[in-house]
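Peer 1: For reference, this is upload_28.txt, and it has compact mmCIF, C-alpha atoms.
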```txt
# COMPACT_ATOMS: atom_id res chain seq x y z
CA MET D 1 79.24 40.36 245.13
CA THR D 2 78.01 39.78 241.60
CA MET D 3 77.10 43.41 241.38
CA MET D 4 80.58 44.35 242.42
CA VAL D 5 82.11 42.29 239.65
CA LEU D 6 79.75 43.68 237.05
CA SER D 7 80.62 47.20 237.98
CA ARG D 8 84.35 46.89 237.53
CA ASN D 9 85.73 49.94 235.81
CA SER D 10 88.97 51.24 234.49
CA GLU D 11 90.34 51.79 237.97
CA GLY D 12 90.67 48.13 238.62
CA VAL D 13 88.49 48.24 241.64
CA PRO D 14 85.23 46.35 241.77
CA GLY D 15 82.13 48.43 241.96
CA ARG D 16 83.82 51.75 241.64
CA GLY D 17 82.25 54.56 239.72
CA PRO D 18 83.57 56.59 236.84
CA ALA D 19 85.97 59.44 237.09
CA ASN D 20 83.36 62.10 237.71
CA ASP D 21 81.71 60.39 240.60
CA ILE D 22 82.30 62.93 243.31
CA ALA D 23 79.45 65.30 242.68
CA GLY D 24 77.00 65.97 245.44
CA PRO D 25 73.63 64.39 245.88
CA GLY D 26 70.81 65.45 243.67
CA TRP D 27 72.60 65.18 240.36
CA THR D 28 71.38 62.86 237.68
CA GLY D 29 73.30 60.41 235.61
CA LYS D 30 73.08 57.22 233.68
CA PRO D 31 70.46 54.87 235.09
CA SER D 32 72.77 51.94 234.45
CA GLN D 33 75.29 53.41 236.83
CA ALA D 34 72.62 54.03 239.41
CA LEU D 35 71.65 50.39 239.27
CA LEU D 36 75.23 49.44 240.03
CA ASP D 37 75.43 51.46 243.21
CA PRO D 38 75.10 48.86 245.95
CA ASP D 39 73.89 51.55 248.34
CA SER D 40 71.05 52.91 246.20
CA ASP D 41 68.33 50.86 247.89
CA MET D 42 69.58 51.77 251.34
CA VAL D 43 69.67 55.46 250.44
CA THR D 44 66.13 55.32 249.08
CA ARG D 45 64.86 53.73 252.28
CA LEU D 46 66.89 56.21 254.28
CA GLY D 47 65.14 59.03 252.48
CA ARG D 48 61.80 57.59 253.53
CA GLY D 49 62.91 57.55 257.15
CA ASP D 50 63.18 53.78 257.42
CA PRO D 51 64.78 53.08 260.84
CA ALA D 52 66.28 49.85 259.52
CA ALA D 53 68.06 51.83 256.81
CA VAL D 54 69.52 54.10 259.48
CA GLN D 55 70.94 51.03 261.18
CA THR D 56 72.30 49.78 257.85
CA LEU D 57 73.91 53.15 257.19
CA ILE D 58 75.61 53.21 260.56
CA SER D 59 76.76 49.61 260.59
CA GLY D 60 77.85 49.68 256.96
CA LYS D 61 79.56 53.03 256.67
CA LEU D 62 80.72 54.01 260.12
CA PRO D 63 83.78 51.72 260.22
CA ARG D 64 85.07 52.98 256.87
CA LEU D 65 84.48 56.63 257.65
CA LEU D 66 85.99 56.30 261.10
CA ALA D 67 89.06 54.59 259.67
CA LEU D 68 89.45 57.29 257.02
CA ALA D 69 89.25 60.10 259.54
CA ARG D 70 91.36 58.31 262.14
CA ARG D 71 94.24 57.73 259.73
CA LEU D 72 94.05 61.19 258.22
CA LEU D 73 93.68 63.13 261.45
CA GLY D 74 95.62 60.90 263.83
CA ASP D 75 93.15 61.66 266.59
CA ALA D 76 90.48 59.24 267.74
CA ALA D 77 88.10 61.81 269.20
CA GLU D 78 88.24 64.06 266.15
CA ALA D 79 87.78 61.06 263.91
CA GLU D 80 84.62 60.11 265.77
CA ASP D 81 83.29 63.64 265.36
CA VAL D 82 84.00 63.58 261.63
CA ALA D 83 82.42 60.16 261.11
CA GLN D 84 79.38 61.17 263.10
CA GLU D 85 78.90 64.42 261.22
CA ALA D 86 79.36 62.75 257.83
CA LEU D 87 76.68 60.18 258.61
CA VAL D 88 74.25 62.80 259.88
CA ARG D 89 74.78 64.78 256.67
CA ALA D 90 74.22 61.63 254.66
CA TRP D 91 70.94 61.08 256.44
CA LYS D 92 69.88 64.68 255.84
CA GLN D 93 70.73 64.45 252.14
CA ALA D 94 69.09 61.10 251.60
CA PRO D 95 65.56 62.39 250.77
CA SER D 96 66.94 64.49 247.91
CA TRP D 97 69.36 61.85 246.70
CA THR D 98 69.05 61.07 243.00
CA PRO D 99 70.96 58.02 241.82
CA GLY D 100 73.50 59.08 239.26
CA PRO D 101 76.98 58.28 238.08
CA ALA D 102 78.41 58.98 241.50
CA ARG D 103 78.27 56.26 244.07
CA PHE D 104 76.91 57.07 247.48
CA ASP D 105 80.02 55.68 249.15
CA THR D 106 82.25 57.98 247.12
CA TRP D 107 80.11 60.99 247.97
CA LEU D 108 80.27 60.02 251.62
CA HIS D 109 84.05 59.87 251.39
CA LYS D 110 84.05 63.34 249.90
CA VAL D 111 81.96 64.67 252.78
CA ALA D 112 84.26 63.06 255.34
CA LEU D 113 87.36 64.29 253.51
CA ASN D 114 86.09 67.86 253.54
CA LEU D 115 85.37 67.61 257.23
CA CYS D 116 88.91 66.33 257.76
CA TYR D 117 90.32 69.20 255.68
CA ASP D 118 88.43 71.64 257.86
CA ARG D 119 89.97 70.18 260.97
CA LEU D 120 93.45 69.94 259.50
CA ARG D 121 93.31 73.64 258.66
CA ARG D 122 92.58 74.54 262.27
CA PRO D 123 95.45 75.13 264.66
CA ARG D 124 95.91 71.81 266.40
CA LEU D 125 97.49 70.71 269.60
CA VAL D 126 99.56 67.79 268.43
CA SER D 127 100.09 65.09 270.98
CA ASP D 128 102.41 62.21 270.33
CA ALA D 129 101.25 60.26 273.33
CA GLY D 130 100.99 56.65 272.34
CA LEU D 131 102.93 57.21 269.16
CA PRO D 132 106.52 56.40 269.99
CA GLU D 133 108.94 57.73 267.41
CA THR D 134 111.83 55.63 268.61
CA VAL D 135 112.30 51.97 269.26
CA ASP D 136 111.99 50.91 272.88
CA ARG D 137 115.35 49.52 273.98
CA GLY D 138 114.05 48.04 277.24
CA PRO D 139 113.39 44.40 278.05
CA ALA D 140 111.89 42.36 275.28
CA PRO D 141 108.13 42.81 275.37
CA ASP D 142 105.67 40.06 274.66
CA ALA D 143 104.02 39.55 271.30
CA GLY D 144 101.07 41.79 272.13
CA LEU D 145 103.29 44.68 273.07
CA LEU D 146 105.39 44.12 269.98
CA ALA D 147 102.30 44.34 267.84
CA GLN D 148 101.22 47.50 269.63
CA ASP D 149 104.63 49.02 269.14
CA ARG D 150 104.60 48.06 265.51
CA GLN D 151 101.20 49.65 265.02
CA ALA D 152 102.25 52.79 266.85
CA ARG D 153 105.36 53.09 264.71
CA VAL D 154 103.41 52.74 261.51
CA GLU D 155 100.84 55.27 262.68
CA ALA D 156 103.54 57.73 263.67
CA ALA D 157 105.26 57.33 260.33
CA LEU D 158 101.99 57.84 258.50
CA GLN D 159 101.21 60.96 260.50
CA ALA D 160 104.67 62.32 259.78
CA LEU D 161 104.06 62.23 256.03
CA PRO D 162 103.14 65.39 254.18
CA PRO D 163 99.33 65.63 254.24
CA ARG D 164 98.78 64.99 250.54
CA GLN D 165 101.00 61.90 250.53
CA ARG D 166 99.22 60.60 253.60
CA GLU D 167 95.87 61.27 251.99
CA ALA D 168 96.85 59.41 248.82
CA ILE D 169 97.99 56.36 250.78
CA VAL D 170 94.94 56.37 253.03
CA LEU D 171 92.51 56.63 250.12
CA CYS D 172 94.23 54.11 247.85
CA TYR D 173 95.65 51.61 250.30
CA TYR D 174 93.51 51.70 253.42
CA GLN D 175 90.19 52.77 251.94
CA ASP D 176 90.80 50.63 248.87
CA LEU D 177 89.45 53.27 246.54
CA GLY D 178 90.50 53.03 242.92
CA ASN D 179 93.16 55.31 241.57
CA GLN D 180 90.68 57.32 239.49
CA THR D 181 88.29 57.84 242.39
CA ALA D 182 91.13 58.79 244.72
CA ALA D 183 92.53 61.21 242.15
CA ASP D 184 89.12 62.79 241.69
CA LEU D 185 88.57 63.13 245.41
CA MET D 186 91.96 64.77 245.75
CA LYS D 187 91.46 66.82 242.58
CA VAL D 188 94.74 65.70 241.08
CA SER D 189 95.70 63.85 237.92
CA LEU D 190 96.45 60.15 237.92
CA GLU D 191 100.11 60.94 237.36
CA ALA D 192 100.15 63.25 240.36
CA LEU D 193 98.41 60.65 242.49
CA GLU D 194 100.95 58.03 241.50
CA SER D 195 103.76 60.40 242.38
CA LEU D 196 102.25 61.14 245.79
CA LEU D 197 101.86 57.42 246.45
CA SER D 198 105.42 56.61 245.42
CA ARG D 199 106.96 59.37 247.47
CA GLY D 200 104.82 58.54 250.47
CA ARG D 201 105.65 54.87 250.37
CA ARG D 202 109.33 55.60 249.92
CA THR D 203 109.32 57.79 253.01
CA LEU D 204 107.42 55.17 255.00
CA ARG D 205 109.82 52.47 253.94
CA GLY D 206 112.72 54.59 255.14
CA ALA D 207 111.02 55.36 258.45
CA LEU D 208 110.11 51.77 259.14
CA ILE D 209 113.12 49.99 257.74
CA ASP D 210 114.11 48.57 261.13
CA LEU D 211 110.74 46.85 261.35
CA SER D 212 110.94 45.15 258.01
CA GLY D 213 114.61 44.26 258.05
CA PRO D 214 117.13 45.07 255.37
CA LEU D 215 115.77 45.08 251.87
CA PRO D 216 117.17 42.40 249.57
CA MET O 1 104.96 46.89 229.95
CA THR O 2 108.51 47.95 230.54
CA PRO O 3 110.39 46.86 233.65
CA ASP O 4 110.61 50.49 234.69
CA ARG O 5 106.85 50.87 234.52
CA PHE O 6 106.37 47.65 236.46
CA THR O 7 108.70 48.93 239.17
CA ALA O 8 106.97 52.31 239.27
CA LEU O 9 103.58 50.69 239.73
CA SER O 10 104.85 48.47 242.53
CA GLN O 11 106.29 51.50 244.28
CA ALA O 12 102.99 53.35 244.02
CA TYR O 13 100.39 50.65 244.52
CA GLY O 14 102.29 47.97 246.40
CA GLY O 15 103.10 44.34 245.90
CA HIS O 16 99.65 42.98 245.03
CA LEU O 17 98.52 43.22 241.46
CA ASP O 18 94.85 43.40 242.47
CA ARG O 19 95.55 46.88 243.82
CA TRP O 20 97.06 48.05 240.56
CA PRO O 21 95.10 49.99 237.91
CA VAL O 22 93.08 47.42 236.03
CA ASP O 23 94.04 48.69 232.63
CA GLU O 24 97.66 47.85 233.36
CA ARG O 25 97.19 44.52 235.06
CA SER O 26 97.15 42.29 232.03
CA ASP O 27 100.44 43.75 230.82
CA ALA O 28 101.84 43.31 234.30
CA VAL O 29 100.75 39.67 234.40
CA ARG O 30 102.36 39.11 231.03
CA LEU O 31 105.61 40.56 232.30
CA CYS O 32 105.36 38.31 235.37
CA GLN O 33 105.13 35.33 233.05
CA GLU O 34 108.05 36.49 230.96
CA ARG O 35 110.31 37.41 233.88
CA PRO O 36 108.98 35.51 236.89
CA HIS O 37 112.02 35.80 239.16
CA TRP O 38 112.64 39.50 238.65
CA THR O 39 108.97 40.49 238.95
CA ALA O 40 108.57 38.30 242.05
CA GLN O 41 111.46 40.10 243.68
CA VAL O 42 110.00 43.52 242.84
CA LEU O 43 106.58 42.56 244.15
CA SER O 44 108.00 40.97 247.28
CA GLU O 45 109.91 44.13 248.12
CA ALA O 46 106.78 46.25 247.76
CA ALA O 47 104.71 43.75 249.72
CA ARG O 48 106.96 44.16 252.74
CA LEU O 49 105.76 47.71 253.13
CA ASP O 50 102.20 46.51 252.56
CA ASP O 51 102.61 44.16 255.51
CA LEU O 52 103.80 47.02 257.67
CA LEU O 53 100.89 49.20 256.60
CA ASP O 54 98.55 46.38 257.52
CA ALA O 55 99.90 46.54 261.05
CA PHE O 56 98.04 49.82 261.46
CA GLY O 57 94.72 48.21 262.18
CA LEU O 58 91.89 49.95 263.92
CA GLU O 59 89.34 48.83 266.44
CA ALA O 60 85.73 48.62 265.46
CA PRO O 61 83.59 51.66 266.26
CA SER O 62 82.36 51.63 269.83
CA ASN O 63 78.74 51.00 270.69
CA ASP O 64 78.74 54.36 272.38
CA LEU O 65 79.59 56.10 269.12
CA ARG O 66 76.94 54.10 267.27
CA GLN O 67 74.36 55.08 269.85
CA ARG O 68 75.34 58.73 269.68
CA ILE O 69 74.89 58.79 265.92
CA TYR O 70 71.64 56.87 266.12
CA ALA O 71 70.38 59.33 268.73
CA ARG O 72 71.04 62.23 266.37
CA VAL O 73 69.38 60.58 263.42
CA ARG O 74 66.72 58.29 264.82
CA PRO O 75 64.35 60.87 266.40
CA ALA O 76 64.34 62.90 263.23
CA ALA O 77 63.79 59.77 261.16
CA THR O 78 60.37 59.35 262.66
CA ALA O 79 59.58 62.96 261.79
CA ARG O 80 60.29 62.55 258.08
CA PRO O 81 57.55 63.89 255.80
CA LEU O 82 55.25 61.03 255.04
CA GLY O 83 55.65 59.25 251.76
CA LEU O 84 52.87 58.43 249.35
CA ARG O 85 52.33 55.04 250.90
CA SER O 86 52.01 56.59 254.33
CA TRP O 87 49.65 59.20 252.97
CA GLY O 88 47.49 56.44 251.54
CA LEU O 89 47.39 54.57 254.80
CA GLY O 90 46.66 57.76 256.70
CA LEU O 91 43.87 58.69 254.32
CA ALA O 92 42.31 55.25 254.68
CA ALA O 93 42.56 55.43 258.45
CA ALA O 94 41.05 58.92 258.50
CA SER O 95 38.23 57.79 256.24
CA LEU O 96 37.46 54.84 258.46
CA ALA O 97 37.53 57.02 261.55
CA GLY O 98 35.24 59.50 259.82
CA MET O 99 32.78 56.77 258.92
CA ILE O 100 32.70 55.52 262.50
CA CYS O 101 32.24 59.01 263.94
CA GLY O 102 29.64 59.82 261.35
CA ALA O 103 27.66 56.73 262.16
CA ALA O 104 27.84 57.53 265.86
CA LEU O 105 26.63 61.09 265.31
CA MET O 106 23.82 59.85 263.14
CA ASN O 107 22.70 57.64 265.98
CA LEU O 108 22.65 60.66 268.29
CA ALA O 109 21.10 63.19 265.91
CA VAL O 110 18.47 61.09 264.23
CA PRO O 111 15.86 59.88 266.68
CA ASP O 112 14.43 56.46 266.59
CA LEU O 113 11.26 56.81 264.57
CA SER O 114 9.74 54.03 266.53
CA ASN O 115 10.07 56.19 269.60
CA ASP O 116 6.67 57.33 270.70
CA ALA O 117 8.01 60.72 271.80
CA VAL O 118 8.88 61.71 268.23
CA VAL O 119 5.50 60.69 266.99
CA VAL O 120 3.87 62.65 269.77
CA SER O 121 5.94 65.74 268.95
CA ALA O 122 5.11 65.52 265.27
CA LEU O 123 1.49 65.51 266.13
CA GLY O 124 1.89 68.73 268.15
CA ASP O 125 1.80 67.17 271.53
CA GLN O 126 3.35 68.97 274.48
CA GLY O 127 6.16 66.50 274.82
CA SER O 128 9.65 67.55 273.94
CA VAL O 129 11.33 65.85 271.04
CA LEU O 130 14.62 65.89 272.87
CA ASP O 131 13.16 64.83 276.16
CA LEU O 132 13.21 61.22 275.31
CA SER O 133 13.32 60.28 278.92
CA ASN O 134 9.99 61.92 279.55
CA SER O 135 7.87 59.02 280.58
CA SER O 136 4.65 60.90 279.95
CA ALA O 137 5.55 61.34 276.32
CA LYS O 138 5.82 57.65 276.01
CA GLU O 139 2.31 57.17 277.12
CA PRO O 140 0.01 55.87 274.46
CA LEU O 141 -2.21 58.38 272.74
```
Here is a file; write its structure as structure tokens.

Peer 2:
Amino acid sequence: MTMMVLSRNSEGVPGRGPANDIAGPGWTGKPSQALLDPDSDMVTRLGRGDPAAVQTLISGKLPRLLALARRLLGDAAEAEDVAQEALVRAWKQAPSWTPGPARFDTWLHKVALNLCYDRLRRPRLVSDAGLPETVDRGPAPDAGLLAQDRQARVEAALQALPPRQREAIVLCYYQDLGNQTAADLMKVSLEALESLLSRGRRTLRGALIDLSGPLP
Amino acid sequence: MTPDRFTALSQAYGGHLDRWPVDERSDAVRLCQERPHWTAQVLSEAARLDDLLDAFGLEAPSNDLRQRIYARVRPAATARPLGLRSWGLGLAAASLAGMICGAALMNLAVPDLSNDAVVVSALGDQGSVLDLSNSSAKEPL
């Protein structure tokens, strides 16, 4: 945790790298930045084929990558494929990894994002099963069902957003990446990122207004 | 920070200042101190959407998925090119094995000089050097 605090940057997010931290593995950078990457030791051990490091990689990164892909793609099976492929690529790249200004976690996000882009470009059979667009007017469900309905509504609203707005919200809000890192990953300016976030949130607020009640 | 900028940031980053760009936070905090009621209302409104977004939680990755990934990575992990440390250990092990084998071969190839058969052979006797089991060769001269 101390390391996270020390590595605060201009994005306002602990431990996040500088603006140009999305290059691939193998690049070199400032040693001080490399020391601040909390994953550097794990990646080094991974490159040596340490089985414990493989476990650390999977347990530490799989949930984040799966969440990223799941919220961007809206499909659990595809998200699993993306997360799996990203981790395998990370393992393959680990022996040639050179600590630099880019953090391993950011690079991993870039890999997963590209895999998601590939899938989003393909013709997709969109299924809205489990994602009700309208409010159920039947008998009052119990709290568990209400929570499920709430989650399904939010997911449906998120999936209905234009892809770039959804991506901005997923990266900044759900993945908790800093604004600079998110902008770099999306290859947009900070101003453009802020605009995408604002428009996306405005649309979500409109789509989910019945869940949150009237605004004051 | 102007009120318009404060509102714009809340609409982009939500109702929690710790999600805002760090280089604008101190100005935002200052504005919160100067106009506590108005800023609280702006943040509260943005936080309502944050709460809704938080409703989209996800289950933890399944053990099946973990195992599938591990299966793709783990077998190859053992086949990684050996590192320097491994090379050193391997070299030491090979050296030790070589010493043991060498000693064993020496025992086979170099006869026991105390063996009478060797002495007999060296003196041109009819006994075979290799026929150490020949009882006649072991007979005293």

Peer 1: Distance limit 10 Å, atoms considered: all atoms listed in the file. Which chain O residues sit that close to chain D? Return them as number ranges by chain.

Peer 2: O: 8-14, 17-25, 41-42, 44-46, 48-62, 65-70, 72-84, 86

Peer 1: In Å, with one decimal, what is the gap from atom CA of Ala76 of chain D to atom CA of Cys116 of chain D?

Peer 2: 12.3 Å

Peer 1: For Asp39 of chain D, which residue out of D:Ala77, D:Ala112, D:Ala94, D:Ala207 is the nearest one, using all atoms listed in the file?

Peer 2: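 Under the stated criterion, the closest residue is D:Ala94.
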
Peer 1: Report as JSON the centre and the edge lengths, in Å to one decimal, of the axis-aligned box holding every listed atom of segment 173-183 of chain D, padded by 8 Å on each side.

Peer 2:
```
{"center_x": 92.0, "center_y": 55.9, "center_z": 246.5, "size_x": 23.4, "size_y": 26.6, "size_z": 29.9}
```

Peer 1: What gap, in Å, lies between atom CA of Asp118 of chain D and atom CA of Ser96 of chain D?

Peer 2: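 A separation of 24.7 Å between them.
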
Peer 1: What separation in Å, quoted to one decimal, exists between atom CA of Pro3 of chain O and atom CA of Gln165 of chain D?

Peer 2: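 About the pair atom CA of Pro3 of chain O and atom CA of Gln165 of chain D: they are 24.5 Å apart.
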